[in-house]
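Undergrad: Below is my_file-v2.cif; it holds mmCIF, C-alpha atoms.
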data_final
loop_
_atom_site.label_atom_id
_atom_site.label_comp_id
_atom_site.auth_asym_id
_atom_site.auth_seq_id
_atom_site.Cartn_x
_atom_site.Cartn_y
_atom_site.Cartn_z
CA MET A 11 11.54 53.66 26.31
CA LYS A 12 12.53 50.02 26.52
CA LYS A 13 9.07 49.10 27.82
CA LEU A 14 7.48 51.00 24.97
CA ASN A 15 9.66 49.19 22.42
CA SER A 16 8.73 45.83 23.93
CA LYS A 17 5.06 46.64 23.71
CA VAL A 18 5.42 47.83 20.14
CA LYS A 19 7.27 44.66 19.18
CA TYR A 20 4.61 42.51 20.83
CA THR A 21 1.82 44.43 19.12
CA LEU A 22 3.52 44.11 15.74
CA ALA A 23 4.03 40.37 16.26
CA VAL A 24 0.35 39.85 17.14
CA LEU A 25 -0.69 41.98 14.17
CA SER A 26 1.56 40.01 11.82
CA LEU A 27 0.11 36.72 13.04
CA PHE A 28 -3.42 38.04 12.61
CA LEU A 29 -2.70 39.21 9.07
CA PHE A 30 -1.13 35.85 8.17
CA MET A 31 -4.12 33.87 9.47
CA THR A 32 -6.49 36.24 7.70
CA ALA A 33 -4.63 35.88 4.43
CA PHE A 34 -4.22 32.08 4.63
CA PRO A 35 -7.13 30.73 6.71
CA TYR A 36 -7.67 27.62 4.64
CA GLN A 37 -4.04 26.57 4.78
CA VAL A 38 -3.98 26.79 8.56
CA LEU A 39 -7.28 24.95 8.85
CA ALA A 40 -6.21 22.24 6.43
CA SER A 41 -3.03 21.63 8.41
CA ASP A 42 -4.98 21.30 11.66
CA GLU A 43 -7.46 18.94 10.03
CA ILE A 44 -4.69 16.68 8.74
CA GLN A 45 -2.91 16.57 12.11
CA ASN A 46 -6.15 15.58 13.84
CA SER A 47 -7.54 13.41 11.06
CA LYS A 48 -9.74 10.42 11.78
CA THR A 49 -8.16 6.97 11.87
CA TYR A 50 -9.52 4.24 9.60
CA HIS A 51 -9.01 0.52 9.19
CA PHE A 52 -9.22 -0.23 5.48
CA GLY A 53 -12.35 -2.06 4.44
CA PHE A 54 -14.47 -2.38 1.31
CA LYS A 55 -17.65 -3.86 -0.06
CA LYS A 56 -16.54 -7.05 -1.77
CA SER A 57 -17.07 -7.84 -5.41
CA LYS A 58 -19.69 -10.41 -6.38
CA ASN A 59 -20.23 -11.87 -9.85
CA GLY A 60 -17.64 -9.58 -11.39
CA GLN A 61 -19.19 -6.37 -10.07
CA LEU A 62 -16.82 -3.68 -8.86
CA PRO A 63 -16.12 -3.42 -5.12
CA SER A 64 -16.82 -0.15 -3.33
CA ILE A 65 -15.41 2.03 -0.55
CA LYS A 66 -18.20 4.62 -0.75
CA GLU A 67 -19.70 3.54 2.56
CA GLU A 68 -16.41 3.46 4.48
CA GLY A 69 -16.01 7.20 4.99
CA PHE A 70 -12.50 7.56 3.57
CA GLU A 71 -13.03 7.65 -0.19
CA GLY A 72 -12.31 11.40 -0.26
CA ILE A 73 -8.87 11.21 1.30
CA ILE A 74 -7.96 8.10 -0.72
CA ASN A 75 -8.62 10.07 -3.91
CA LYS A 76 -7.08 13.30 -2.59
CA HIS A 77 -3.72 11.65 -1.92
CA ASP A 78 -3.72 9.40 -5.03
CA ALA A 79 -3.84 6.21 -2.98
CA LEU A 80 -4.98 3.06 -4.77
CA PHE A 81 -7.40 0.32 -3.90
CA LEU A 82 -8.69 -0.47 -7.38
CA GLY A 83 -6.88 -0.55 -10.70
CA SER A 84 -7.94 0.11 -14.26
CA THR A 85 -11.57 -1.01 -14.47
CA ASP A 86 -12.05 -0.46 -18.19
CA LYS A 87 -10.22 -3.68 -19.02
CA LYS A 88 -9.96 -7.18 -17.60
CA VAL A 89 -6.75 -6.84 -15.64
CA VAL A 90 -5.54 -8.07 -12.26
CA TYR A 91 -2.64 -6.76 -10.15
CA LEU A 92 -1.13 -9.41 -7.88
CA THR A 93 0.36 -8.25 -4.57
CA PHE A 94 1.71 -10.12 -1.56
CA ASP A 95 2.30 -9.04 2.02
CA ASN A 96 5.54 -10.51 3.37
CA GLY A 97 5.77 -9.82 7.08
CA TYR A 98 7.85 -12.93 7.72
CA GLU A 99 8.78 -16.08 5.86
CA ASN A 100 6.83 -19.30 6.36
CA GLY A 101 8.50 -21.43 3.70
CA TYR A 102 6.24 -20.74 0.70
CA THR A 103 7.65 -17.68 -1.06
CA ALA A 104 10.19 -19.66 -3.09
CA LYS A 105 7.36 -21.86 -4.38
CA ILE A 106 5.30 -18.76 -5.18
CA LEU A 107 8.23 -17.30 -7.11
CA ASP A 108 8.58 -20.57 -9.03
CA ILE A 109 4.92 -20.36 -10.02
CA LEU A 110 5.13 -16.71 -11.05
CA LYS A 111 8.20 -17.44 -13.16
CA GLU A 112 6.58 -20.41 -14.86
CA LYS A 113 3.34 -18.53 -15.52
CA GLN A 114 5.07 -15.23 -16.42
CA VAL A 115 3.08 -13.19 -13.89
CA PRO A 116 4.44 -9.95 -12.39
CA ALA A 117 3.85 -9.23 -8.70
CA THR A 118 4.60 -6.75 -5.95
CA PHE A 119 5.90 -7.96 -2.59
CA PHE A 120 5.36 -5.61 0.36
CA VAL A 121 8.04 -6.40 2.92
CA THR A 122 8.74 -5.52 6.54
CA GLY A 123 12.03 -5.06 8.35
CA GLN A 124 11.94 -8.59 9.72
CA TYR A 125 11.65 -9.97 6.21
CA VAL A 126 14.44 -7.73 4.96
CA LYS A 127 16.77 -8.92 7.74
CA ASP A 128 15.97 -12.62 7.40
CA GLN A 129 15.34 -13.25 3.69
CA GLN A 130 18.01 -11.54 1.64
CA SER A 131 18.23 -14.30 -0.97
CA LEU A 132 14.48 -14.19 -1.62
CA LEU A 133 14.58 -10.39 -1.92
CA LYS A 134 17.35 -10.67 -4.50
CA ARG A 135 15.38 -13.25 -6.42
CA MET A 136 12.26 -11.07 -6.47
CA VAL A 137 14.15 -8.24 -8.13
CA GLU A 138 16.17 -10.49 -10.45
CA GLU A 139 12.94 -12.04 -11.75
CA GLY A 140 11.33 -8.69 -12.48
CA HIS A 141 9.05 -8.21 -9.50
CA ILE A 142 8.57 -5.04 -7.46
CA ILE A 143 9.46 -4.79 -3.78
CA GLY A 144 7.19 -2.42 -1.89
CA ASN A 145 7.38 -0.92 1.60
CA HIS A 146 5.36 -2.43 4.43
CA SER A 147 7.26 -0.44 7.12
CA TRP A 148 10.18 -1.61 9.24
CA SER A 149 8.37 -2.72 12.41
CA HIS A 150 4.74 -3.06 11.17
CA PRO A 151 3.34 -0.42 13.55
CA ASP A 152 0.10 1.52 13.60
CA MET A 153 1.55 4.55 11.85
CA THR A 154 -1.34 6.79 12.89
CA THR A 155 0.13 6.76 16.41
CA MET A 156 3.60 7.84 15.26
CA SER A 157 5.10 11.25 14.58
CA ASP A 158 5.85 12.32 11.02
CA VAL A 159 9.55 11.87 11.74
CA LYS A 160 9.08 8.30 12.98
CA ILE A 161 6.93 7.38 9.96
CA LYS A 162 9.66 8.65 7.65
CA GLU A 163 12.29 6.67 9.57
CA GLU A 164 10.23 3.45 9.23
CA LEU A 165 9.96 3.90 5.47
CA LYS A 166 13.51 5.09 4.89
CA ARG A 167 15.01 2.12 6.70
CA VAL A 168 13.18 -0.46 4.58
CA LYS A 169 14.03 1.35 1.35
CA GLY A 170 17.69 1.72 2.28
CA GLU A 171 18.21 -1.88 3.34
CA VAL A 172 16.41 -3.28 0.29
CA ALA A 173 18.61 -1.11 -1.95
CA LYS A 174 21.76 -2.46 -0.27
CA ILE A 175 20.65 -6.06 -0.72
CA THR A 176 19.03 -6.01 -4.15
CA GLY A 177 20.14 -2.90 -5.98
CA GLN A 178 16.52 -1.72 -6.25
CA THR A 179 17.15 1.95 -5.50
CA GLU A 180 13.61 3.16 -6.13
CA MET A 181 10.72 2.22 -3.85
CA ASN A 182 7.46 3.77 -4.96
CA TYR A 183 4.71 1.78 -3.27
CA LEU A 184 3.62 1.52 0.35
CA ARG A 185 1.07 -0.72 1.98
CA PRO A 186 0.20 0.81 5.37
CA PRO A 187 0.73 -1.90 7.99
CA ARG A 188 -2.43 -3.53 9.34
CA GLY A 189 -4.44 -1.44 6.87
CA ILE A 190 -4.61 1.32 9.48
CA PHE A 191 -4.29 4.87 8.21
CA ASN A 192 -5.49 8.45 8.36
CA GLU A 193 -5.03 11.48 6.15
CA ARG A 194 -1.76 12.44 7.85
CA VAL A 195 -0.23 9.02 7.13
CA LEU A 196 -1.29 9.25 3.49
CA LYS A 197 0.12 12.77 3.18
CA VAL A 198 3.46 12.01 4.84
CA SER A 199 3.84 8.87 2.72
CA LYS A 200 3.02 10.75 -0.47
CA ASP A 201 5.47 13.52 0.44
CA GLU A 202 8.12 10.82 0.78
CA GLY A 203 7.41 9.69 -2.79
CA TYR A 204 5.10 6.75 -2.10
CA THR A 205 1.80 5.72 -3.57
CA SER A 206 -0.23 4.01 -0.84
CA VAL A 207 -1.66 0.76 -2.19
CA PHE A 208 -4.63 -0.91 -0.53
CA TRP A 209 -6.64 -3.72 -2.16
CA SER A 210 -9.97 -4.66 -3.71
CA LEU A 211 -9.69 -8.43 -3.36
CA ALA A 212 -8.69 -10.21 -0.18
CA TYR A 213 -9.81 -12.80 2.32
CA LYS A 214 -8.75 -13.96 5.78
CA ASP A 215 -5.72 -15.99 4.76
CA TRP A 216 -2.99 -14.96 7.23
CA GLU A 217 -3.77 -17.31 10.14
CA VAL A 218 -1.18 -20.02 9.58
CA ASN A 219 -2.81 -22.34 12.12
CA ASN A 220 -6.23 -21.98 10.52
CA GLN A 221 -5.63 -22.89 6.89
CA LYS A 222 -8.63 -24.44 5.16
CA GLY A 223 -7.21 -26.04 2.06
CA LYS A 224 -6.41 -25.30 -1.56
CA GLN A 225 -10.02 -25.36 -2.73
CA TYR A 226 -11.12 -22.87 -0.09
CA ALA A 227 -8.41 -20.41 -1.14
CA TYR A 228 -9.29 -20.88 -4.80
CA ASP A 229 -12.99 -20.28 -4.18
CA GLN A 230 -12.41 -17.22 -2.01
CA ILE A 231 -10.27 -15.59 -4.67
CA MET A 232 -12.26 -16.54 -7.75
CA ARG A 233 -15.61 -15.38 -6.41
CA GLN A 234 -14.16 -11.87 -6.00
CA ILE A 235 -12.40 -11.48 -9.37
CA HIS A 236 -13.32 -8.22 -11.10
CA PRO A 237 -11.80 -5.78 -13.59
CA GLY A 238 -8.96 -3.82 -12.04
CA ALA A 239 -8.60 -6.10 -9.03
CA ILE A 240 -5.68 -5.30 -6.74
CA MET A 241 -5.34 -8.72 -5.17
CA LEU A 242 -3.85 -8.99 -1.68
CA ILE A 243 -2.78 -12.42 -0.55
CA HIS A 244 -0.32 -13.38 2.18
CA SER A 245 2.74 -15.42 1.35
CA VAL A 246 2.63 -17.22 4.71
CA SER A 247 -0.45 -19.15 3.57
CA VAL A 248 0.09 -22.69 2.31
CA ASP A 249 -3.42 -22.51 0.83
CA ASN A 250 -2.42 -19.58 -1.35
CA ALA A 251 0.78 -21.26 -2.48
CA THR A 252 -1.02 -24.43 -3.55
CA ALA A 253 -4.01 -22.68 -5.12
CA LEU A 254 -2.05 -20.04 -7.03
CA PRO A 255 -1.36 -22.02 -10.26
CA ASP A 256 -5.04 -22.88 -10.67
CA VAL A 257 -6.07 -19.31 -9.81
CA ILE A 258 -3.77 -17.86 -12.47
CA ASP A 259 -5.02 -20.30 -15.10
CA ALA A 260 -8.69 -19.72 -14.21
CA VAL A 261 -8.34 -15.93 -14.18
CA ARG A 262 -6.71 -16.02 -17.61
CA LYS A 263 -9.39 -18.36 -18.90
CA GLN A 264 -11.91 -15.64 -18.06
CA GLY A 265 -9.99 -13.25 -20.31
CA TYR A 266 -7.99 -11.40 -17.67
CA VAL A 267 -4.33 -10.44 -17.88
CA PHE A 268 -1.89 -9.85 -15.02
CA GLU A 269 -0.12 -6.49 -14.99
CA SER A 270 2.28 -4.71 -12.62
CA LEU A 271 1.60 -1.72 -10.40
CA ASP A 272 3.99 0.25 -12.60
CA GLN A 273 1.72 -0.42 -15.56
CA LEU A 274 -1.27 0.69 -13.50
CA MET A 275 0.48 3.96 -12.67
CA LEU A 276 1.25 4.49 -16.35
CA ASP A 277 -2.38 3.87 -17.23
CA LYS A 278 -3.43 6.45 -14.65
CA HIS A 279 -0.78 8.87 -15.94
CA LEU A 280 0.69 9.15 -12.45
CA ILE A 281 4.20 8.32 -13.68
CA GLN A 282 6.00 9.05 -16.94
CA PRO A 283 6.93 6.19 -19.32
#
Go ahead and render the structure in this file as structure tokens.
TA:
Amino acid sequence: MKKLNSKVKYTLAVLSLFLFMTAFPYQVLASDEIQNSKTYHFGFKKSKNGQLPSIKEEGFEGIINKHDALFLGSTDKKVVYLTFDNGYENGYTAKILDILKEKQVPATFFVTGQYVKDQQSLLKRMVEEGHIIGNHSWSHPDMTTMSDVKIKEELKRVKGEVAKITGQTEMNYLRPPRGIFNERVLKVSKDEGYTSVFWSLAYKDWEVNNQKGKQYAYDQIMRQIHPGAIMLIHSVSVDNATALPDVIDAVRKQGYVFESLDQLMLDKHLIQP
């Protein structure tokens, strides 16, 4: 009798599993696809002469849109969104903040754990002067190689420490470290309340021992300006720090305005006013 009961229980369990998979095949498949999703390194076709950049040839446009990630802002008006990656401090962020304050330009600073530990006064100043601090992960890893739990820990630690230091309790924007991502990373980040923010204007500016001068930085940025540009520049670059005042003036002379990522989200109706 016991053997019969065991067999019946086993049969019922198998039958229940079969019925579940039959009733929800797409959910099971979607979960498997996300867990085994392809890894990408963010790239884009650069803007020229004011034309819009494109990610259509990169293979990831679908998942970017599916998970409400951003690489391009509002393209129906001449607007630019200024963002910085702050992995560590190289002595130029205070100058950048001075410029932004003088020019009345909002910005988003994506910070890592190292920056959070070492630059508390600059973090406080960012928030006090009306800028947004975004998450760039605690240890700047390739998050596609990490478990969901570890990804959440990376993000939670940055958010928590920034809140302790600055009082900024909300952290809504994430820039995946190294620009490496897959659908699972986008989904986990979104589930944690983040909008993943990539970029539509950038150049190779992060090599501190290979800076090429103020004019080079200015030219690299200005040749890519386009409506809705999410501009990524690195705060470790002396070229960026010295070129920034002229860039801001030149961009405005072309009729552009600088807006925050919060304004972009309002325009896209992704957050409530």
Undergrad: With distances taken over all atoms listed in the file, which residue among A:Lys200, A:Lys88, A:Lys214, A:His279 lies nearest Tyr226 (chain A)?
TA: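 For Tyr226 (chain A), the nearest of the candidates is A:Lys214.
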Undergrad: What does the structure give for the distance between CA of Tyr91 (chain A) and CA of Glu163 (chain A), in Å to one decimal?
TA: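 Spanning CA of Tyr91 (chain A) to CA of Glu163 (chain A) is a straight-line distance of 28.1 Å.
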Undergrad: Let me know the residues the PyMOL selection byres ((chain A and resi 244) around 9) catches in the file above, as number ranges by chain.
TA: A: 93-97, 215-216, 242-243, 245-247, 250
Undergrad: Go through A:Lys56, A:Lys66, A:Arg194, A:His236 one by one, measure the shortest atom-to-atom distance of each to Lys87 (chain A) using all atoms listed in the file, and give the residue with the smallest value.
TA: A:His236
Undergrad: How many Å lie between CA of Glu112 (chain A) and CA of Ala253 (chain A), rounded to one decimal?
TA: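 Interatomic distance, CA of Glu112 (chain A) to CA of Ala253 (chain A): 14.6 Å.
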Undergrad: Calculate how many Å separate CA of Ser157 (chain A) from CA of Asp128 (chain A), rounding to one decimal.
TA: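 Atom-to-atom, CA of Ser157 (chain A) and CA of Asp128 (chain A) are spaced 27.2 Å apart.
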Undergrad: Got a sec to resolve the PyMOL selection byres ((chain A and resi 92) around 12) on this structure and send the residues as a PDB file with C-alpha atoms, keeping the file's coordinate frame?
TA:
ATOM      1  CA  LEU A  82      -8.690  -0.470  -7.380  1.00  0.00           C
ATOM      2  CA  GLY A  83      -6.880  -0.550 -10.700  1.00  0.00           C
ATOM      3  CA  VAL A  89      -6.750  -6.840 -15.640  1.00  0.00           C
ATOM      4  CA  VAL A  90      -5.540  -8.070 -12.260  1.00  0.00           C
ATOM      5  CA  TYR A  91      -2.640  -6.760 -10.150  1.00  0.00           C
ATOM      6  CA  THR A  93       0.360  -8.250  -4.570  1.00  0.00           C
ATOM      7  CA  PHE A  94       1.710 -10.120  -1.560  1.00  0.00           C
ATOM      8  CA  ASP A  95       2.300  -9.040   2.020  1.00  0.00           C
ATOM      9  CA  ILE A 106       5.300 -18.760  -5.180  1.00  0.00           C
ATOM     10  CA  LEU A 110       5.130 -16.710 -11.050  1.00  0.00           C
ATOM     11  CA  VAL A 115       3.080 -13.190 -13.890  1.00  0.00           C
ATOM     12  CA  PRO A 116       4.440  -9.950 -12.390  1.00  0.00           C
ATOM     13  CA  ALA A 117       3.850  -9.230  -8.700  1.00  0.00           C
ATOM     14  CA  THR A 118       4.600  -6.750  -5.950  1.00  0.00           C
ATOM     15  CA  PHE A 119       5.900  -7.960  -2.590  1.00  0.00           C
ATOM     16  CA  PHE A 120       5.360  -5.610   0.360  1.00  0.00           C
ATOM     17  CA  HIS A 141       9.050  -8.210  -9.500  1.00  0.00           C
ATOM     18  CA  ILE A 142       8.570  -5.040  -7.460  1.00  0.00           C
ATOM     19  CA  VAL A 207      -1.660   0.760  -2.190  1.00  0.00           C
ATOM     20  CA  PHE A 208      -4.630  -0.910  -0.530  1.00  0.00           C
ATOM     21  CA  TRP A 209      -6.640  -3.720  -2.160  1.00  0.00           C
ATOM     22  CA  SER A 210      -9.970  -4.660  -3.710  1.00  0.00           C
ATOM     23  CA  LEU A 211      -9.690  -8.430  -3.360  1.00  0.00           C
ATOM     24  CA  ALA A 212      -8.690 -10.210  -0.180  1.00  0.00           C
ATOM     25  CA  ILE A 231     -10.270 -15.590  -4.670  1.00  0.00           C
ATOM     26  CA  ILE A 235     -12.400 -11.480  -9.370  1.00  0.00           C
ATOM     27  CA  GLY A 238      -8.960  -3.820 -12.040  1.00  0.00           C
ATOM     28  CA  ALA A 239      -8.600  -6.100  -9.030  1.00  0.00           C
ATOM     29  CA  ILE A 240      -5.680  -5.300  -6.740  1.00  0.00           C
ATOM     30  CA  MET A 241      -5.340  -8.720  -5.170  1.00  0.00           C
ATOM     31  CA  LEU A 242      -3.850  -8.990  -1.680  1.00  0.00           C
ATOM     32  CA  ILE A 243      -2.780 -12.420  -0.550  1.00  0.00           C
ATOM     33  CA  HIS A 244      -0.320 -13.380   2.180  1.00  0.00           C
ATOM     34  CA  SER A 245       2.740 -15.420   1.350  1.00  0.00           C
ATOM     35  CA  LEU A 254      -2.050 -20.040  -7.030  1.00  0.00           C
ATOM     36  CA  VAL A 257      -6.070 -19.310  -9.810  1.00  0.00           C
ATOM     37  CA  ILE A 258      -3.770 -17.860 -12.470  1.00  0.00           C
ATOM     38  CA  VAL A 261      -8.340 -15.930 -14.180  1.00  0.00           C
ATOM     39  CA  VAL A 267      -4.330 -10.440 -17.880  1.00  0.00           C
ATOM     40  CA  PHE A 268      -1.890  -9.850 -15.020  1.00  0.00           C
ATOM     41  CA  GLU A 269      -0.120  -6.490 -14.990  1.00  0.00           C
ATOM     42  CA  SER A 270       2.280  -4.710 -12.620  1.00  0.00           C
ATOM     43  CA  LEU A 271       1.600  -1.720 -10.400  1.00  0.00           C
ATOM     44  CA  ASP A 272       3.990   0.250 -12.600  1.00  0.00           C
ATOM     45  CA  LEU A 274      -1.270   0.690 -13.500  1.00  0.00           C
TER      46      LEU A 274
END
Undergrad: Would you mind listing what lies within 10 Å of Trp148 (chain A) as a list of chain:residue names, with only C-alpha atoms counted and same-chain residues fewer than 3 positions away left out?
TA: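 What passes the distance filter is A:Gly97, A:Val121, A:Thr122, A:Gly123, A:Gln124, A:Tyr125, A:Val126, A:Lys127, A:Asn145, A:Pro151, A:Ile161, A:Glu163, A:Glu164, A:Leu165, A:Lys166, A:Arg167, A:Val168, A:Lys169, A:Glu171, A:Pro187.
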Undergrad: Which residues, protein or nucleic acid, reach to within 10 Å of (5.2, -22.0, 0.6) in the file's coordinates when using only C-alpha atoms, and can you give that as a list of chain:residue names?
TA: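 Taken together, the residues in range are A:Glu99, A:Asn100, A:Gly101, A:Tyr102, A:Thr103, A:Ala104, A:Lys105, A:Ile106, A:Leu107, A:Ser245, A:Val246, A:Ser247, A:Val248, A:Asp249, A:Asn250, A:Ala251, A:Thr252.
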